[in-house]
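Novice: Have a peek at structure_34.pdb (PDB, C-alpha atoms and all ligand atoms).
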```pdb
ATOM      1  CA  MET A  24      17.009 -69.014 -42.902
ATOM      2  CA  LEU A  25      14.598 -67.072 -45.168
ATOM      3  CA  VAL A  26      11.156 -68.691 -44.870
ATOM      4  CA  SER A  27       7.519 -68.193 -45.877
ATOM      5  CA  THR A  28       5.748 -65.672 -43.620
ATOM      6  CA  LYS A  29       2.503 -67.581 -44.034
ATOM      7  CA  LYS A  30       4.002 -70.824 -42.703
ATOM      8  CA  MET A  31       5.761 -68.973 -39.889
ATOM      9  CA  LEU A  32       2.467 -67.434 -38.780
ATOM     10  CA  GLU A  33       0.417 -70.604 -39.143
ATOM     11  CA  LYS A  34       2.689 -72.141 -36.486
ATOM     12  CA  ALA A  35       2.321 -69.038 -34.290
ATOM     13  CA  GLU A  36      -1.462 -69.132 -34.574
ATOM     14  CA  LYS A  37      -1.580 -72.801 -33.648
ATOM     15  CA  GLU A  38       0.788 -72.388 -30.684
ATOM     16  CA  HIS A  39      -0.683 -69.068 -29.433
ATOM     17  CA  TYR A  40       2.181 -66.646 -29.699
ATOM     18  CA  ALA A  41       2.904 -63.719 -32.003
ATOM     19  CA  VAL A  42       5.918 -63.125 -34.230
ATOM     20  CA  ALA A  43       7.417 -59.648 -33.971
ATOM     21  CA  GLN A  44       7.680 -57.653 -37.169
ATOM     22  CA  ILE A  45      10.525 -55.293 -36.376
ATOM     23  CA  ASN A  46      10.956 -52.552 -38.943
ATOM     24  CA  ILE A  47      14.522 -52.044 -40.146
ATOM     25  CA  ASN A  48      16.205 -48.859 -41.325
ATOM     26  CA  ASN A  49      19.804 -49.721 -42.050
ATOM     27  CA  LEU A  50      22.530 -52.308 -41.692
ATOM     28  CA  GLU A  51      22.965 -51.837 -37.931
ATOM     29  CA  TRP A  52      19.227 -52.278 -37.342
ATOM     30  CA  THR A  53      19.080 -55.441 -39.433
ATOM     31  CA  LYS A  54      22.118 -56.990 -37.765
ATOM     32  CA  ALA A  55      20.809 -56.162 -34.269
ATOM     33  CA  VAL A  56      17.410 -57.740 -34.956
ATOM     34  CA  LEU A  57      18.881 -60.861 -36.549
ATOM     35  CA  GLU A  58      21.402 -61.373 -33.739
ATOM     36  CA  VAL A  59      18.749 -61.128 -31.026
ATOM     37  CA  SER A  60      16.450 -63.528 -32.902
ATOM     38  CA  GLN A  61      19.269 -66.068 -33.089
ATOM     39  CA  GLU A  62      20.222 -65.506 -29.429
ATOM     40  CA  LEU A  63      16.612 -66.111 -28.314
ATOM     41  CA  ASN A  64      15.864 -68.843 -30.837
ATOM     42  CA  SER A  65      12.885 -66.824 -32.078
ATOM     43  CA  PRO A  66      11.366 -66.381 -35.529
ATOM     44  CA  VAL A  67      11.276 -62.779 -36.762
ATOM     45  CA  ILE A  68       9.910 -60.666 -39.600
ATOM     46  CA  LEU A  69      11.983 -57.750 -40.865
ATOM     47  CA  GLY A  70       9.565 -54.970 -41.828
ATOM     48  CA  VAL A  71      10.560 -52.601 -44.631
ATOM     49  CA  SER A  72       8.489 -49.474 -45.251
ATOM     50  CA  GLU A  73       8.652 -47.820 -48.661
ATOM     51  CA  GLY A  74      10.685 -44.983 -47.146
ATOM     52  CA  ALA A  75      13.114 -47.326 -45.404
ATOM     53  CA  GLY A  76      13.466 -49.392 -48.584
ATOM     54  CA  LYS A  77      14.410 -46.288 -50.523
ATOM     55  CA  TYR A  78      16.776 -45.156 -47.758
ATOM     56  CA  MET A  79      18.600 -48.494 -47.817
ATOM     57  CA  GLY A  80      19.181 -48.221 -51.557
ATOM     58  CA  GLY A  81      16.189 -50.167 -52.885
ATOM     59  CA  TYR A  82      14.405 -53.446 -52.284
ATOM     60  CA  LYS A  83      16.991 -55.596 -54.068
ATOM     61  CA  THR A  84      19.680 -54.134 -51.830
ATOM     62  CA  VAL A  85      17.606 -55.066 -48.782
ATOM     63  CA  VAL A  86      17.187 -58.658 -49.967
ATOM     64  CA  GLY A  87      20.907 -58.912 -50.758
ATOM     65  CA  MET A  88      21.900 -57.473 -47.379
ATOM     66  CA  VAL A  89      19.608 -59.785 -45.422
ATOM     67  CA  LYS A  90      20.646 -62.886 -47.367
ATOM     68  CA  GLY A  91      24.319 -62.011 -46.866
ATOM     69  CA  MET A  92      23.836 -61.607 -43.122
ATOM     70  CA  LEU A  93      21.876 -64.834 -42.772
ATOM     71  CA  GLU A  94      24.786 -66.670 -44.298
ATOM     72  CA  GLU A  95      27.741 -64.864 -42.765
ATOM     73  CA  LEU A  96      26.279 -64.381 -39.277
ATOM     74  CA  ASN A  97      25.055 -67.967 -39.348
ATOM     75  CA  ILE A  98      21.437 -67.089 -38.607
ATOM     76  CA  THR A  99      19.472 -70.331 -38.588
ATOM     77  CA  VAL A 100      16.161 -69.182 -37.042
ATOM     78  CA  PRO A 101      13.198 -68.520 -39.390
ATOM     79  CA  VAL A 102      13.413 -65.009 -40.870
ATOM     80  CA  SER A 103      11.168 -63.225 -43.330
ATOM     81  CA  ILE A 104      11.294 -59.839 -45.085
ATOM     82  CA  HIS A 105       7.991 -58.013 -45.385
ATOM     83  CA  LEU A 106       7.038 -54.841 -47.274
ATOM     84  CA  ASP A 107       5.215 -52.667 -44.737
ATOM     85  CA  HIS A 108       2.208 -50.527 -45.813
ATOM     86  CA  GLY A 109       3.111 -50.816 -49.469
ATOM     87  CA  GLY A 110       1.386 -49.097 -52.350
ATOM     88  CA  TYR A 111       0.557 -50.968 -55.571
ATOM     89  CA  ASP A 112       3.838 -50.161 -57.349
ATOM     90  CA  ALA A 113       5.981 -50.929 -54.313
ATOM     91  CA  CYS A 114       4.292 -54.340 -54.035
ATOM     92  CA  ILE A 115       5.210 -55.128 -57.635
ATOM     93  CA  LYS A 116       8.804 -54.010 -57.051
ATOM     94  CA  CYS A 117       9.086 -56.208 -53.942
ATOM     95  CA  ILE A 118       7.618 -59.199 -55.773
ATOM     96  CA  GLU A 119      10.323 -58.701 -58.393
ATOM     97  CA  ALA A 120      13.053 -58.134 -55.793
ATOM     98  CA  GLY A 121      12.372 -61.491 -54.114
ATOM     99  CA  PHE A 122      10.589 -60.436 -50.907
ATOM    100  CA  PRO A 123       8.947 -63.498 -49.323
ATOM    101  CA  SER A 124       6.081 -61.331 -48.150
ATOM    102  CA  ILE A 125       4.321 -58.023 -48.828
ATOM    103  CA  MET A 126       1.630 -55.800 -47.372
ATOM    104  CA  TYR A 127      -0.662 -54.018 -49.784
ATOM    105  CA  ASP A 128      -2.228 -51.129 -47.884
ATOM    106  CA  GLY A 129      -5.313 -49.952 -49.733
ATOM    107  CA  SER A 130      -7.012 -48.736 -46.565
ATOM    108  CA  HIS A 131      -6.868 -45.108 -47.732
ATOM    109  CA  ASP A 132      -8.984 -45.928 -50.821
ATOM    110  CA  SER A 133     -12.661 -46.828 -51.045
ATOM    111  CA  ILE A 134     -13.398 -50.421 -50.036
ATOM    112  CA  GLU A 135     -14.266 -51.281 -53.671
ATOM    113  CA  GLU A 136     -10.885 -50.021 -54.860
ATOM    114  CA  ASN A 137      -9.098 -51.709 -51.958
ATOM    115  CA  LEU A 138     -10.776 -55.057 -52.769
ATOM    116  CA  LYS A 139      -9.991 -54.800 -56.480
ATOM    117  CA  LYS A 140      -6.324 -53.907 -56.074
ATOM    118  CA  THR A 141      -5.764 -56.349 -53.206
ATOM    119  CA  LYS A 142      -7.121 -59.151 -55.427
ATOM    120  CA  GLU A 143      -4.738 -58.208 -58.243
ATOM    121  CA  ILE A 144      -1.774 -58.144 -55.859
ATOM    122  CA  VAL A 145      -2.784 -61.508 -54.380
ATOM    123  CA  GLU A 146      -2.826 -63.071 -57.865
ATOM    124  CA  MET A 147       0.624 -61.702 -58.764
ATOM    125  CA  ALA A 148       2.173 -62.567 -55.400
ATOM    126  CA  HIS A 149       0.698 -66.030 -55.030
ATOM    127  CA  ALA A 150       1.955 -66.983 -58.465
ATOM    128  CA  LYS A 151       5.413 -66.698 -56.870
ATOM    129  CA  GLY A 152       4.515 -68.160 -53.465
ATOM    130  CA  ILE A 153       4.662 -64.741 -51.778
ATOM    131  CA  THR A 154       2.559 -64.039 -48.660
ATOM    132  CA  VAL A 155       0.143 -61.078 -48.802
ATOM    133  CA  GLU A 156      -1.162 -58.900 -45.959
ATOM    134  CA  ALA A 157      -3.985 -56.419 -46.559
ATOM    135  CA  GLU A 158      -5.505 -53.668 -44.445
ATOM    136  CA  VAL A 159      -9.057 -52.627 -43.715
ATOM    137  CA  GLY A 160     -10.047 -49.766 -41.421
ATOM    138  CA  ALA A 161      -7.118 -47.353 -41.456
ATOM    139  CA  ILE A 162      -4.728 -47.624 -38.544
ATOM    140  CA  GLY A 163      -4.265 -44.198 -37.013
ATOM    141  CA  GLY A 164      -1.188 -42.028 -36.564
ATOM    142  CA  GLU A 165       1.619 -41.517 -39.024
ATOM    143  CA  GLU A 166       3.524 -44.108 -41.028
ATOM    144  CA  ASP A 167       6.139 -42.974 -43.550
ATOM    145  CA  GLY A 168       4.551 -39.514 -43.701
ATOM    146  CA  LYS A 169       1.013 -40.826 -44.372
ATOM    147  CA  LEU A 170      -1.460 -39.667 -41.738
ATOM    148  CA  ALA A 171      -4.629 -41.552 -40.835
ATOM    149  CA  ALA A 172      -7.253 -41.330 -38.143
ATOM    150  CA  GLY A 173      -7.573 -44.516 -36.055
ATOM    151  CA  GLU A 174     -10.591 -46.554 -37.083
ATOM    152  CA  CYS A 175     -12.286 -49.733 -36.026
ATOM    153  CA  ALA A 176     -12.648 -51.949 -39.075
ATOM    154  CA  ASP A 177     -16.054 -53.021 -40.356
ATOM    155  CA  PRO A 178     -16.212 -56.833 -39.931
ATOM    156  CA  GLU A 179     -18.210 -57.152 -43.149
ATOM    157  CA  GLU A 180     -15.410 -55.416 -45.077
ATOM    158  CA  CYS A 181     -12.939 -57.760 -43.343
ATOM    159  CA  ARG A 182     -14.927 -60.744 -44.606
ATOM    160  CA  GLU A 183     -14.887 -59.320 -48.138
ATOM    161  CA  ILE A 184     -11.158 -58.688 -48.128
ATOM    162  CA  ALA A 185     -10.503 -62.163 -46.686
ATOM    163  CA  GLU A 186     -12.296 -63.550 -49.767
ATOM    164  CA  THR A 187      -9.682 -61.995 -52.064
ATOM    165  CA  GLY A 188      -7.372 -64.794 -50.896
ATOM    166  CA  ILE A 189      -5.049 -62.748 -48.655
ATOM    167  CA  ASP A 190      -2.915 -64.602 -46.135
ATOM    168  CA  LEU A 191      -2.869 -62.000 -43.320
ATOM    169  CA  LEU A 192      -5.209 -59.231 -42.294
ATOM    170  CA  ALA A 193      -4.444 -55.958 -40.544
ATOM    171  CA  ALA A 194      -7.738 -54.638 -39.242
ATOM    172  CA  GLY A 195      -7.940 -51.376 -37.330
ATOM    173  CA  ILE A 196      -9.083 -52.053 -33.746
ATOM    174  CA  GLY A 197      -8.295 -48.655 -32.248
ATOM    175  CA  ASN A 198      -4.521 -49.132 -32.606
ATOM    176  CA  ILE A 199      -2.371 -46.261 -33.833
ATOM    177  CA  HIS A 200       1.168 -45.774 -35.089
ATOM    178  CA  GLY A 201       3.692 -43.955 -32.948
ATOM    179  CA  LYS A 202       3.296 -43.059 -29.285
ATOM    180  CA  TYR A 203      -0.170 -43.618 -27.793
ATOM    181  CA  PRO A 204      -1.716 -40.434 -26.379
ATOM    182  CA  GLU A 205      -2.519 -40.244 -22.647
ATOM    183  CA  ASN A 206      -6.240 -40.373 -23.356
ATOM    184  CA  TRP A 207      -6.064 -43.399 -25.709
ATOM    185  CA  ALA A 208      -9.185 -45.545 -25.323
ATOM    186  CA  GLY A 209      -7.256 -48.829 -25.720
ATOM    187  CA  LEU A 210      -7.802 -51.664 -28.193
ATOM    188  CA  SER A 211     -11.358 -52.573 -29.111
ATOM    189  CA  PHE A 212     -11.601 -56.278 -28.296
ATOM    190  CA  GLU A 213     -15.210 -56.184 -29.397
ATOM    191  CA  THR A 214     -14.036 -55.293 -32.904
ATOM    192  CA  LEU A 215     -11.296 -57.921 -32.743
ATOM    193  CA  GLU A 216     -13.827 -60.596 -31.821
ATOM    194  CA  ALA A 217     -16.173 -59.545 -34.640
ATOM    195  CA  VAL A 218     -13.289 -59.516 -37.161
ATOM    196  CA  ARG A 219     -12.207 -62.961 -36.054
ATOM    197  CA  LYS A 220     -15.733 -64.298 -36.444
ATOM    198  CA  ALA A 221     -16.016 -62.773 -39.905
ATOM    199  CA  THR A 222     -12.665 -64.078 -41.162
ATOM    200  CA  GLY A 223     -12.290 -67.538 -39.570
ATOM    201  CA  HIS A 224      -8.714 -68.538 -38.923
ATOM    202  CA  LEU A 225      -7.098 -65.885 -41.081
ATOM    203  CA  PRO A 226      -3.970 -64.765 -39.167
ATOM    204  CA  LEU A 227      -4.472 -61.242 -37.810
ATOM    205  CA  VAL A 228      -1.839 -58.518 -37.582
ATOM    206  CA  LEU A 229      -1.649 -55.844 -34.894
ATOM    207  CA  HIS A 230       0.037 -52.659 -36.100
ATOM    208  CA  GLY A 231       1.240 -49.853 -33.851
ATOM    209  CA  GLY A 232       3.009 -52.240 -31.459
ATOM    210  CA  THR A 233       4.878 -49.410 -29.718
ATOM    211  CA  GLY A 234       3.728 -49.010 -26.137
ATOM    212  CA  ILE A 235       0.649 -51.263 -26.144
ATOM    213  CA  PRO A 236       0.274 -52.477 -22.538
ATOM    214  CA  GLU A 237       1.245 -56.104 -21.963
ATOM    215  CA  ASP A 238      -2.224 -57.258 -20.872
ATOM    216  CA  MET A 239      -3.742 -55.938 -24.122
ATOM    217  CA  VAL A 240      -0.984 -57.580 -26.175
ATOM    218  CA  LYS A 241      -1.576 -60.927 -24.465
ATOM    219  CA  LYS A 242      -5.350 -60.716 -24.851
ATOM    220  CA  SER A 243      -5.059 -59.883 -28.538
ATOM    221  CA  ILE A 244      -2.752 -62.896 -29.053
ATOM    222  CA  ASP A 245      -5.310 -65.106 -27.279
ATOM    223  CA  MET A 246      -7.924 -63.761 -29.700
ATOM    224  CA  GLY A 247      -6.024 -64.567 -32.912
ATOM    225  CA  VAL A 248      -3.323 -61.929 -33.443
ATOM    226  CA  CYS A 249      -0.112 -63.659 -34.517
ATOM    227  CA  LYS A 250       2.032 -60.830 -35.933
ATOM    228  CA  ILE A 251       2.698 -57.577 -34.080
ATOM    229  CA  ASN A 252       4.496 -54.696 -35.796
ATOM    230  CA  VAL A 253       6.991 -52.565 -33.901
ATOM    231  CA  ASN A 254       8.829 -49.587 -35.322
ATOM    232  CA  THR A 255       8.754 -46.369 -33.265
ATOM    233  CA  GLU A 256       9.855 -48.014 -30.011
ATOM    234  CA  CYS A 257      13.174 -49.152 -31.519
ATOM    235  CA  GLN A 258      13.720 -45.701 -33.025
ATOM    236  CA  LEU A 259      13.109 -43.972 -29.677
ATOM    237  CA  ALA A 260      15.415 -46.386 -27.840
ATOM    238  CA  PHE A 261      18.160 -45.993 -30.470
ATOM    239  CA  THR A 262      18.019 -42.196 -30.514
ATOM    240  CA  ALA A 263      17.983 -41.824 -26.715
ATOM    241  CA  GLU A 264      21.210 -43.818 -26.393
ATOM    242  CA  VAL A 265      23.017 -42.058 -29.248
ATOM    243  CA  ARG A 266      21.972 -38.710 -27.750
ATOM    244  CA  LYS A 267      23.358 -39.778 -24.354
ATOM    245  CA  TYR A 268      26.677 -40.830 -25.949
ATOM    246  CA  ILE A 269      27.089 -37.438 -27.582
ATOM    247  CA  GLU A 270      25.856 -35.432 -24.599
ATOM    248  CA  GLU A 271      28.389 -37.236 -22.404
ATOM    249  CA  GLY A 272      31.089 -36.139 -24.865
ATOM    250  CA  LYS A 273      32.156 -39.713 -25.636
ATOM    251  CA  ASP A 274      32.570 -38.849 -29.307
ATOM    252  CA  LEU A 275      35.327 -36.422 -28.282
ATOM    253  CA  VAL A 276      37.447 -39.007 -26.469
ATOM    254  CA  GLY A 277      39.971 -41.075 -28.445
ATOM    255  CA  LYS A 278      38.338 -42.636 -31.497
ATOM    256  CA  GLY A 279      34.859 -42.076 -30.054
ATOM    257  CA  PHE A 280      33.868 -40.353 -33.290
ATOM    258  CA  ASP A 281      34.125 -43.652 -35.192
ATOM    259  CA  PRO A 282      30.538 -44.416 -36.363
ATOM    260  CA  ARG A 283      30.954 -48.004 -35.248
ATOM    261  CA  LYS A 284      31.484 -46.719 -31.693
ATOM    262  CA  LEU A 285      28.930 -43.924 -31.902
ATOM    263  CA  LEU A 286      26.125 -46.214 -33.077
ATOM    264  CA  LYS A 287      26.895 -49.092 -30.700
ATOM    265  CA  PRO A 288      24.852 -47.878 -27.688
ATOM    266  CA  GLY A 289      21.931 -47.247 -30.060
ATOM    267  CA  THR A 290      22.087 -50.720 -31.562
ATOM    268  CA  GLU A 291      22.343 -52.257 -28.069
ATOM    269  CA  ALA A 292      19.145 -50.360 -27.182
ATOM    270  CA  ILE A 293      17.401 -51.792 -30.258
ATOM    271  CA  LYS A 294      18.509 -55.256 -29.172
ATOM    272  CA  GLN A 295      17.023 -54.808 -25.700
ATOM    273  CA  THR A 296      13.752 -53.513 -27.140
ATOM    274  CA  VAL A 297      13.506 -56.542 -29.437
ATOM    275  CA  ARG A 298      14.267 -58.920 -26.539
ATOM    276  CA  ASP A 299      11.484 -57.327 -24.479
ATOM    277  CA  LYS A 300       8.992 -57.600 -27.348
ATOM    278  CA  MET A 301       9.837 -61.234 -28.107
ATOM    279  CA  GLU A 302       9.378 -62.059 -24.436
ATOM    280  CA  MET A 303       6.024 -60.246 -24.358
ATOM    281  CA  PHE A 304       4.828 -61.861 -27.614
ATOM    282  CA  GLY A 305       5.831 -65.364 -26.444
ATOM    283  CA  SER A 306       8.026 -66.179 -29.465
ATOM    284  CA  ILE A 307      11.220 -67.046 -27.558
ATOM    285  CA  GLY A 308      12.307 -70.629 -28.229
ATOM    286  CA  LYS A 309       9.731 -71.018 -31.033
ATOM    287  CA  ALA A 310      12.170 -71.150 -33.948
TER
HETATM  288  O1  LIG B   1       3.687 -51.008 -39.670
HETATM  289  C1  LIG B   1       4.429 -50.742 -38.718
HETATM  290  C2  LIG B   1       3.894 -50.520 -37.425
HETATM  291  O2  LIG B   1       2.564 -50.701 -37.344
HETATM  292  C3  LIG B   1       4.694 -50.025 -36.310
HETATM  293  O3  LIG B   1       3.989 -49.163 -35.448
HETATM  294  O4  LIG B   1       5.692 -47.422 -35.090
HETATM  295  O5  LIG B   1       3.741 -47.620 -33.606
HETATM  296  O6  LIG B   1       5.519 -49.313 -33.500
HETATM  297  P1  LIG B   1       4.776 -48.337 -34.349
HETATM  298 ZN    ZN B   2       1.648 -50.242 -39.439
END
```
Taking this structure as input, can you express it in the form of structure tokens?
Ligand code: G3H
Ligand code: ZN

Specialist:
Amino acid sequence: MLVSTKKMLEKAEKEHYAVAQININNLEWTKAVLEVSQELNSPVILGVSEGAGKYMGGYKTVVGMVKGMLEELNITVPVSIHLDHGGYDACIKCIEAGFPSIMYDGSHDSIEENLKKTKEIVEMAHAKGITVEAEVGAIGGEEDGKLAAGECADPEECREIAETGIDLLAAGIGNIHGKYPENWAGLSFETLEAVRKATGHLPLVLHGGTGIPEDMVKKSIDMGVCKINVNTECQLAFTAEVRKYIEEGKDLVGKGFDPRKLLKPGTEAIKQTVRDKMEMFGSIGKA
């Protein structure tokens, strides 16, 4: 069932769990995530980066594919589709394509520019009942080829962006995309507390969900995070299993070269990663 991200997260905030945003890349990914969500009776958000959207054929294709699967796989748990780290034009395209939810990421611009464009996006999206996430304080690492240094957001800027009418806020709190380095300082709960104070009950989003230790995840949920984004961890799990399949020569036996067989261990690995995240985020049984 395709639902409003805002409503989904209001429930999560009230009941103290987080909904996983699992980024999708193709049909196998989407099917794996939806099947696990149904199996665990958990809500889920399918994240679509600009690059992944393009790879899958375009945003309308993504919406069509997800809607088709919801119907034919009989997925009844709450599901949303969310543009991840979108630019201005991508946001407009997703609004037109029927995404229930978008992220406008203006964190690379000046705060004035970010505020101005976020406000414009909020007006366009809200006119169609679409949920909007914005970002302040660039999240470090690499996302779709865009590099950023990890920052801790300025709570005053968070307050200003909250006033644009956004529904969700991604504020940098020392989190980074991709694998965390050995010497990572961890999440800044001081910043998280200050952001929370500055923005009231605005649902907060934690990006860079790959490899954040469980105690930090749980603490951030206790402090108001109700959406956690995961991308790299599924990719690593998928690739490791496909590599194993090929290295063991399974593609050379019988019809082992059939892509449906070749990709199966990878999609099973995605499923296990999603199960683990839903367990950690406390969303199992919350559909
Ligand atoms: O926006 C997507 C994410 O923040 C995912 O981060 O690739 O580190 O899991 P990750
Ligand atoms: Zn992100």

Novice: Give the residue list for ligand LIG 1 (chain B) at 7 Å, counting only C-alpha atoms and all ligand atoms, as a list in words, sorted by chain and then by residue number.

Specialist: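 Answer in the requested format: Asn46, Asp107, His108, Ile199, His200, Gly201, Lys202, His230, Gly231, Gly232, Thr233, Asn252, Val253, Asn254, Thr255 and Glu256 of chain A.
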
Novice: Identify, on the basis of only C-alpha atoms, every residue whose closest approach to Ile98 in chain A does not exceed 12 Å; exclude the query and any residue fewer than 2 positions from it along the same chain; express the result as a ChimeraX atom specification.

Specialist: /A:24-25,53-67,89-96,100-103,310

Novice: Could you check how far CA of Tyr203 in chain A sits from CA of Met301 in chain A, in Å to one decimal?

Specialist: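 Calculated distance between CA of Tyr203 in chain A and CA of Met301 in chain A is 20.3 Å.
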
Novice: Just so the selection is clear, what residues does the PyMOL selection byres (((chain A and resi 129-146) around 7) and not hetatm) cover here, as a tab-separated table (two decimals) with C-alpha atoms, in the coordinates of the input?

Specialist:
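Produced file out-v3.tsv, reproduced below:
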```
chain	number	residue	atom	x	y	z
A	127	TYR	CA	-0.66	-54.02	-49.78
A	128	ASP	CA	-2.23	-51.13	-47.88
A	147	MET	CA	0.62	-61.70	-58.76
A	148	ALA	CA	2.17	-62.57	-55.40
A	149	HIS	CA	0.70	-66.03	-55.03
A	150	ALA	CA	1.96	-66.98	-58.46
A	155	VAL	CA	0.14	-61.08	-48.80
A	157	ALA	CA	-3.98	-56.42	-46.56
A	158	GLU	CA	-5.50	-53.67	-44.44
A	159	VAL	CA	-9.06	-52.63	-43.72
A	160	GLY	CA	-10.05	-49.77	-41.42
A	161	ALA	CA	-7.12	-47.35	-41.46
A	184	ILE	CA	-11.16	-58.69	-48.13
A	187	THR	CA	-9.68	-62.00	-52.06
A	188	GLY	CA	-7.37	-64.79	-50.90
A	189	ILE	CA	-5.05	-62.75	-48.66
```

Novice: Compare A:Asn198, A:Ser124, A:Asn206, A:Thr262 by their minimum atom-to-atom distance to ligand ZN 2 (chain B), counting only C-alpha atoms and all ligand atoms, and give me the closest one.

Specialist: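 Residue with the minimum atom-to-atom distance to ligand ZN 2 (chain B): A:Asn198.
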
Novice: Pick from A:Lys300, A:Lys250, A:Lys151, A:His39: nearest to ligand ZN 2 (chain B), with only C-alpha atoms and all ligand atoms counted?

Specialist: A:Lys250

Novice: Taking into account all atoms listed in the file, which residue in the set A:Ala208, A:Val228, A:Ile235, A:Ile293 is nearest to ligand ZN 2 (chain B)?

Specialist: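 Once distances to ligand ZN 2 (chain B) are computed over all atoms listed in the file, the minimum belongs to A:Val228.
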
Novice: Can you pull out every residue within 9 Å of range 113-123 of chain A, counting only C-alpha atoms, but drop anything in the same chain fewer than 2 positions away, and send it as a tab-separated table (two decimals) with C-alpha atoms, in the coordinates of the input?

Specialist:
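Done, and the output landed in around.tsv:
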```
chain	number	residue	atom	x	y	z
A	25	LEU	CA	14.60	-67.07	-45.17
A	26	VAL	CA	11.16	-68.69	-44.87
A	27	SER	CA	7.52	-68.19	-45.88
A	28	THR	CA	5.75	-65.67	-43.62
A	73	GLU	CA	8.65	-47.82	-48.66
A	82	TYR	CA	14.40	-53.45	-52.28
A	83	LYS	CA	16.99	-55.60	-54.07
A	84	THR	CA	19.68	-54.13	-51.83
A	85	VAL	CA	17.61	-55.07	-48.78
A	86	VAL	CA	17.19	-58.66	-49.97
A	103	SER	CA	11.17	-63.22	-43.33
A	104	ILE	CA	11.29	-59.84	-45.08
A	105	HIS	CA	7.99	-58.01	-45.38
A	106	LEU	CA	7.04	-54.84	-47.27
A	109	GLY	CA	3.11	-50.82	-49.47
A	110	GLY	CA	1.39	-49.10	-52.35
A	111	TYR	CA	0.56	-50.97	-55.57
A	125	ILE	CA	4.32	-58.02	-48.83
A	126	MET	CA	1.63	-55.80	-47.37
A	127	TYR	CA	-0.66	-54.02	-49.78
A	144	ILE	CA	-1.77	-58.14	-55.86
A	147	MET	CA	0.62	-61.70	-58.76
A	148	ALA	CA	2.17	-62.57	-55.40
A	151	LYS	CA	5.41	-66.70	-56.87
A	152	GLY	CA	4.51	-68.16	-53.46
A	153	ILE	CA	4.66	-64.74	-51.78
A	154	THR	CA	2.56	-64.04	-48.66
```

Novice: Please evaluate the PyMOL selection byres (((chain A and resi 195) around 6) and not hetatm) against the displayed coordinates and give the resulting residues as a list of chain:residue names.

Specialist: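 Matching residues under the PyMOL selection byres (((chain A and resi 195) around 6) and not hetatm) are A:Gly160, A:Ala161, A:Ile162, A:Glu174, A:Cys175, A:Ala176, A:Ala194, A:Ile196, A:Gly197.
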
Novice: Please output range 190-201 of chain A, rebuilt to include N, CA and C atoms, as a compact mmCIF listing (two decimals), in the coordinates of the input.

Specialist:
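The resulting file, rebuild_35.txt, is shown below:
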```txt
# COMPACT_ATOMS: atom_id res chain seq x y z
N ASP A 190 -3.42 -63.66 -47.13
CA ASP A 190 -2.92 -64.60 -46.14
C ASP A 190 -2.95 -64.02 -44.73
N LEU A 191 -2.91 -62.69 -44.62
CA LEU A 191 -2.87 -62.00 -43.32
C LEU A 191 -3.73 -60.75 -43.40
N LEU A 192 -4.37 -60.43 -42.29
CA LEU A 192 -5.21 -59.23 -42.29
C LEU A 192 -4.85 -58.28 -41.15
N ALA A 193 -4.62 -57.02 -41.53
CA ALA A 193 -4.44 -55.96 -40.54
C ALA A 193 -5.76 -55.21 -40.49
N ALA A 194 -6.46 -55.34 -39.39
CA ALA A 194 -7.74 -54.64 -39.24
C ALA A 194 -7.58 -53.62 -38.12
N GLY A 195 -8.03 -52.40 -38.38
CA GLY A 195 -7.94 -51.38 -37.33
C GLY A 195 -8.83 -51.75 -36.16
N ILE A 196 -8.27 -51.76 -34.96
CA ILE A 196 -9.08 -52.05 -33.75
C ILE A 196 -8.77 -50.99 -32.68
N GLY A 197 -8.59 -49.75 -33.17
CA GLY A 197 -8.30 -48.66 -32.25
C GLY A 197 -6.80 -48.46 -32.04
N ASN A 198 -5.99 -49.26 -32.73
CA ASN A 198 -4.52 -49.13 -32.61
C ASN A 198 -4.02 -47.98 -33.47
N ILE A 199 -2.94 -47.36 -33.04
CA ILE A 199 -2.37 -46.26 -33.83
C ILE A 199 -0.84 -46.36 -33.89
N HIS A 200 -0.29 -45.79 -34.94
CA HIS A 200 1.17 -45.77 -35.09
C HIS A 200 1.78 -44.69 -34.20
N GLY A 201 2.98 -44.95 -33.76
CA GLY A 201 3.69 -43.96 -32.95
C GLY A 201 3.30 -44.07 -31.48
```
